Amino acid sequence: MQDAAAGYLAGPLAADVASRREGALAWASAELDGAVRALEPVPPATDVGLVGYRIAGYLDQHGRRTRRDRLCPTSLWDVLTARTAGASDLTRVAQAARDRGLYRHAAAGWTAAVSAGSADAARRLVAHLREVSPPDAAPAARWAVGRVRLDAPWDLARLLDELRVAGAGDAVQALLARDPAGQVSIDHHWDAIELLGALHAAGAAGAVDILAARVVEHARLEHLPSVASLLMALHAAGAGDAIRALVARDPARHADPEAPEEVAVLLEALHAVGVEDAARALATWAANDAALERPQVLARLLKALRTIGVGDALQILLARDPAGHGSFEDLWEAAALLAELRAAGASDAVRALLARDPASHGHIDYADSVAWLLQELRAAEAHEAIRTLLARDPASHVDFYDLQAVGRLAAELRAAGDIEAVRTLATRAADSADTDDPEYLAERLEEFRAAGAGDAVRILLARDPAGCARLDDPGHVAWLLEELLAAGAGDAVRTLVARDPAGQARLDHPQDIARLLRALRAAGAGDAVTSLATRAAEGASLEAPQEIAQLLEELHAAGAGEAARTLLARNPAGRVFLGPDQQPGVARLLKALRAAGAGEAARALASRAADAGMFDLEEDRASYRFGREPDGAPSPPWRWAELLPDPAAAGAGPAR
């Protein structure tokens, strides 16, 4: 790697790097051997033609953090492109160059990866040239399709999609002429189906038939939902012969009477692809033989029979008294079956189900189950069953682990007219509440308010959440304040603001601070807004770009200009972390900086971001028509043909 190292040195050091290399490594290894073995010799990798040293542990982490926003010299990119043998590694190197605006180096890396057979690299190369150097896209496409391997269906599918977008019809035909449908691996079943879709979109009907036949021949039929998905994919690709071949293999023979829900999925797929004879045969079998002991999955079969229009089979199943089986210990099952019987217009079966009186003996621990059954009983006008269920006092027994479900139950109890039960729920919520936990209190207020349970909200407010809640977490306090405002609890709002949440909030999460600022503004607490804005500007963490952006936006909305200037003086543009997956946050921060009039800071952040692999955020893209060089200067014009391997060593160049 001494050739790459030369780019990091200057003057005599650069010229003398080769002679100094062995001594430097020996010294570093000796110095660092002990608490940290920082440099460990590594043998050549099987797919990477580089021999060197692996930086261990601490130095690796330190380097990734401190050098993330620094461009590497030309020497490194040249060496990585020339001496990396594996196509997947070359593709990663090229993408890293592209992310930093090094368009020429990216094209060179992808070209080398295509020479090693990568269809993924070919797709990236064509897309890259289509954006950067449109006249080169078609020649590169024609050159690439003759060199890619035909074993990876997912990569071939994406390449075909890109060739169509690029308008490279000649390249599409050249790739199809190599018979990818007949050669591609089908070991990864769903990747092959992706290629099937791409071939169909390319108008390659013959290739679709070839690949579809191969997929069907090797498809496993034991899992009916997978067979259903395959049928739908074949239908979308217009592979009618393959559909018929798959049906001829009789996947229905794997139908399990104990799994009617899986049969339902296959039934719907057979109907959707137009294989009505097979759908009717399976429907008849299921109606006669499906197990009836599990009401919820039986309801799924009823729905399938109803929606695909096999009325005879539906009547057969109804004649078997589906409501007369199963224990209905879980009220959810009773509600599911009741809903489907009503949808089917099976009034006799509805009466049979109600006669089994699930309301009197099913478990009432689960709020969701009780709520759904109450809803279905109301729809069925089963007033006696509703009274039976309410008499069991579910409000006193349901678990509180799912607050949304408790809210839905409160709404159903209110709809049933049992206001006392709603009060019981609210009292239980209040009694079990951790009264100093603002998140817990806010969530309960939100759920009961959403359910229209005003009495429950009043009971919770009577526990004085505003006077008891901890105030150190700004996000949770903001949520509680929002709920108090939504409930019209003016006295509680004033109590909470008087306790000075602005002075007690932690400053480690700026997005939570922004939310609290917004809630305080809504509460009309101007002094608290000013206090918190000042504290946040002076002490908020500057680590996360998305959160700093939210804080800047809120300071601007609050008219806290002095606080915004204080925050900007701390140089967030130079201090935010530019790690993986931070691009959306950086984009938002750039916008916030510009809106705050901090153009110089925005330019500094954009420059850091570009060097860290977010060049797409660069606003002045017109100055970098052909990308840039590793020193940051705009690249001179270049053509893709200049990057091709030597034809004598790597085969013919692109067709012109």
# chains A, B, ... in the order shown; residues from 1 in each chain; ligands from 1

call {"tool": "residues_around", "arguments": {"residues": "segment 133-147 of chain A", "least_positions_apart": "6", "cutoff": "6 Å", "atoms": "only C-alpha atoms", "output": "PyMOL selection string"}}
result
chain A and resi 117+122+126+168+171+175+654

call {"tool": "write_last_selection", "arguments": {"atoms": "N, CA and C atoms", "output": "CSV table (one decimal), in the first residue's frame"}}
result
chain,number,residue,atom,x,y,z
A,117,GLY,N,-17.1,-9.1,-13.9
A,117,GLY,CA,-18.4,-9.8,-14.1
A,117,GLY,C,-19.6,-9.3,-13.4
A,122,ALA,N,-22.5,-3.0,-13.3
A,122,ALA,CA,-23.0,-2.6,-14.6
A,122,ALA,C,-24.2,-1.7,-14.5
A,126,VAL,N,-24.1,2.4,-15.6
A,126,VAL,CA,-25.0,2.9,-16.6
A,126,VAL,C,-25.8,4.1,-16.0
A,168,ALA,N,-31.5,2.1,-23.5
A,168,ALA,CA,-30.4,1.3,-24.2
A,168,ALA,C,-31.0,0.0,-24.7
A,171,ALA,N,-28.6,-2.7,-25.9
A,171,ALA,CA,-28.0,-3.4,-24.8
A,171,ALA,C,-28.9,-4.5,-24.2
A,175,LEU,N,-28.1,-8.4,-24.1
A,175,LEU,CA,-28.2,-9.2,-22.8
A,175,LEU,C,-29.1,-10.4,-23.0
A,654,PRO,N,-15.7,-0.8,-26.2
A,654,PRO,CA,-17.2,-0.6,-26.4
A,654,PRO,C,-17.5,-0.5,-27.9

call {"tool": "residues_around", "arguments": {"residues": "Trp110 of chain A", "least_positions_apart": "3", "cutoff": "10 Å", "atoms": "only C-alpha atoms", "output": "PyMOL selection string"}}
result
chain A and resi 81+87-88+90-95+105-107+113-116+118+120-126+128+643

call {"tool": "write_last_selection", "arguments": {"atoms": "C-alpha atoms", "output": "CSV table (one decimal), in the first residue's frame"}}
result
chain,number,residue,atom,x,y,z
A,81,THR,CA,-9.2,0.6,-8.3
A,87,ALA,CA,-16.0,-7.3,-7.9
A,88,SER,CA,-18.1,-6.7,-4.8
A,90,LEU,CA,-14.6,-2.8,-6.3
A,91,THR,CA,-18.3,-1.9,-6.4
A,92,ARG,CA,-18.1,-0.6,-2.8
A,93,VAL,CA,-15.0,1.4,-3.6
A,94,ALA,CA,-16.7,3.0,-6.6
A,95,GLN,CA,-19.9,3.8,-4.6
A,105,HIS,CA,-13.0,7.5,-9.9
A,106,ALA,CA,-16.5,6.0,-9.4
A,107,ALA,CA,-16.8,5.2,-13.1
A,113,ALA,CA,-16.0,-4.4,-11.4
A,114,VAL,CA,-17.9,-5.0,-14.6
A,115,SER,CA,-14.7,-6.4,-16.1
A,116,ALA,CA,-14.8,-8.8,-13.2
A,118,SER,CA,-20.6,-7.8,-11.8
A,120,ASP,CA,-24.7,-4.9,-10.0
A,121,ALA,CA,-21.7,-2.7,-11.0
A,122,ALA,CA,-23.0,-2.6,-14.6
A,123,ARG,CA,-26.3,-1.2,-13.4
A,124,ARG,CA,-24.6,1.4,-11.3
A,125,LEU,CA,-22.2,2.4,-14.1
A,126,VAL,CA,-25.0,2.9,-16.6
A,128,HIS,CA,-24.0,7.0,-13.2
A,643,LEU,CA,-11.3,4.5,-18.2

call {"tool": "closest_residue", "arguments": {"among": "A:Leu302, A:Ala522, A:Pro645, A:Thr111", "to": "Leu129 of chain A", "atoms": "only C-alpha atoms"}}
result
A:Thr111

call {"tool": "residues_around", "arguments": {"residues": "Ala540 of chain A", "least_positions_apart": "6", "cutoff": "8 Å", "atoms": "only C-alpha atoms", "output": "list in words"}}
result
Leu507, Asp508, His509 and Pro510 of chain A

call {"tool": "residues_around", "arguments": {"residues": "Trp638 of chain A", "least_positions_apart": "3", "cutoff": "9 Å", "atoms": "only C-alpha atoms", "output": "ChimeraX atom specification"}}
result
/A:104,133,626,635,641-642

call {"tool": "write_last_selection", "arguments": {"atoms": "N, CA and C atoms", "output": "tab-separated table (two decimals), in the first residue's frame"}}
result
chain	number	residue	atom	x	y	z
A	104	ARG	N	-15.26	10.50	-11.74
A	104	ARG	CA	-14.35	9.76	-12.63
A	104	ARG	C	-13.84	8.51	-11.94
A	133	SER	N	-22.53	11.71	-17.72
A	133	SER	CA	-22.01	11.78	-19.09
A	133	SER	C	-22.95	11.03	-20.03
A	626	PHE	N	-18.61	17.42	-14.03
A	626	PHE	CA	-17.98	16.11	-14.18
A	626	PHE	C	-17.46	15.59	-12.85
A	635	SER	N	-13.62	18.56	-11.48
A	635	SER	CA	-12.93	17.72	-12.46
A	635	SER	C	-13.00	18.34	-13.84
A	641	ALA	N	-14.68	6.13	-22.09
A	641	ALA	CA	-13.77	5.27	-22.85
A	641	ALA	C	-12.34	5.38	-22.35
A	642	GLU	N	-11.99	6.54	-21.76
A	642	GLU	CA	-10.64	6.71	-21.23
A	642	GLU	C	-10.36	5.79	-20.06

call {"tool": "residues_around", "arguments": {"residues": "Leu374 of chain A", "least_positions_apart": "6", "cutoff": "10 Å", "atoms": "only C-alpha atoms", "output": "mmCIF file with C-alpha atoms, in the first residue's frame"}}
result
data_model
loop_
_atom_site.group_PDB
_atom_site.id
_atom_site.type_symbol
_atom_site.label_atom_id
_atom_site.label_comp_id
_atom_site.auth_asym_id
_atom_site.auth_seq_id
_atom_site.Cartn_x
_atom_site.Cartn_y
_atom_site.Cartn_z
ATOM 1 C CA LEU A 331 -63.565 -13.315 22.721
ATOM 2 C CA ALA A 335 -65.859 -11.523 17.259
ATOM 3 C CA ALA A 359 -70.257 -13.185 26.129
ATOM 4 C CA ASP A 368 -58.991 -5.539 22.326
ATOM 5 C CA ALA A 380 -75.777 -7.737 15.210
ATOM 6 C CA ALA A 382 -77.519 -8.598 20.143
ATOM 7 C CA HIS A 383 -78.577 -6.427 23.073
ATOM 8 C CA ALA A 385 -75.455 -10.513 24.810
ATOM 9 C CA ILE A 386 -74.141 -6.969 25.319
ATOM 10 C CA ARG A 387 -75.845 -6.779 28.704
ATOM 11 C CA LEU A 389 -70.887 -9.060 28.725
ATOM 12 C CA LEU A 390 -71.155 -5.721 30.497
ATOM 13 C CA LEU A 409 -62.525 -0.484 24.920
ATOM 14 C CA GLU A 412 -66.970 0.786 22.916
ATOM 15 C CA LEU A 413 -68.169 0.950 26.515
ATOM 16 C CA ALA A 415 -71.037 3.505 22.716
ATOM 17 C CA ALA A 416 -72.811 0.798 24.697
#

call {"tool": "residues_around", "arguments": {"residues": "Leu485 of chain A", "least_positions_apart": "2", "cutoff": "12 Å", "atoms": "only C-alpha atoms", "output": "PyMOL selection string"}}
result
chain A and resi 442+445-446+449+461+466+478-483+487-494+496-497+519-524

call {"tool": "write_last_selection", "arguments": {"atoms": "C-alpha atoms", "output": "compact mmCIF listing (two decimals), in the first residue's frame"}}
result
# COMPACT_ATOMS: atom_id res chain seq x y z
CA ALA A 442 -49.71 11.71 28.72
CA LEU A 445 -54.79 11.14 28.65
CA GLU A 446 -54.33 10.76 24.89
CA ARG A 449 -59.39 11.70 24.98
CA LEU A 461 -56.67 15.18 35.80
CA ALA A 466 -49.18 18.64 36.31
CA ALA A 478 -43.89 18.33 26.16
CA TRP A 479 -46.26 15.41 25.48
CA LEU A 480 -47.98 15.89 28.82
CA LEU A 481 -48.31 19.62 28.20
CA GLU A 482 -49.76 18.96 24.73
CA GLU A 483 -52.36 16.61 26.21
CA ALA A 487 -58.03 18.53 27.15
CA GLY A 488 -58.64 22.21 27.85
CA ALA A 489 -57.09 21.81 31.31
CA GLY A 490 -55.98 25.43 31.69
CA ASP A 491 -55.35 25.23 35.44
CA ALA A 492 -53.18 22.14 35.01
CA VAL A 493 -51.24 23.87 32.21
CA ARG A 494 -50.54 26.84 34.44
CA LEU A 496 -47.04 22.71 35.06
CA VAL A 497 -45.52 25.89 33.61
CA ALA A 519 -45.59 23.19 23.60
CA LEU A 520 -44.60 26.12 25.82
CA ARG A 521 -45.31 28.52 22.94
CA ALA A 522 -48.74 26.93 22.51
CA ALA A 523 -49.33 27.43 26.23
CA GLY A 524 -48.46 31.11 25.93
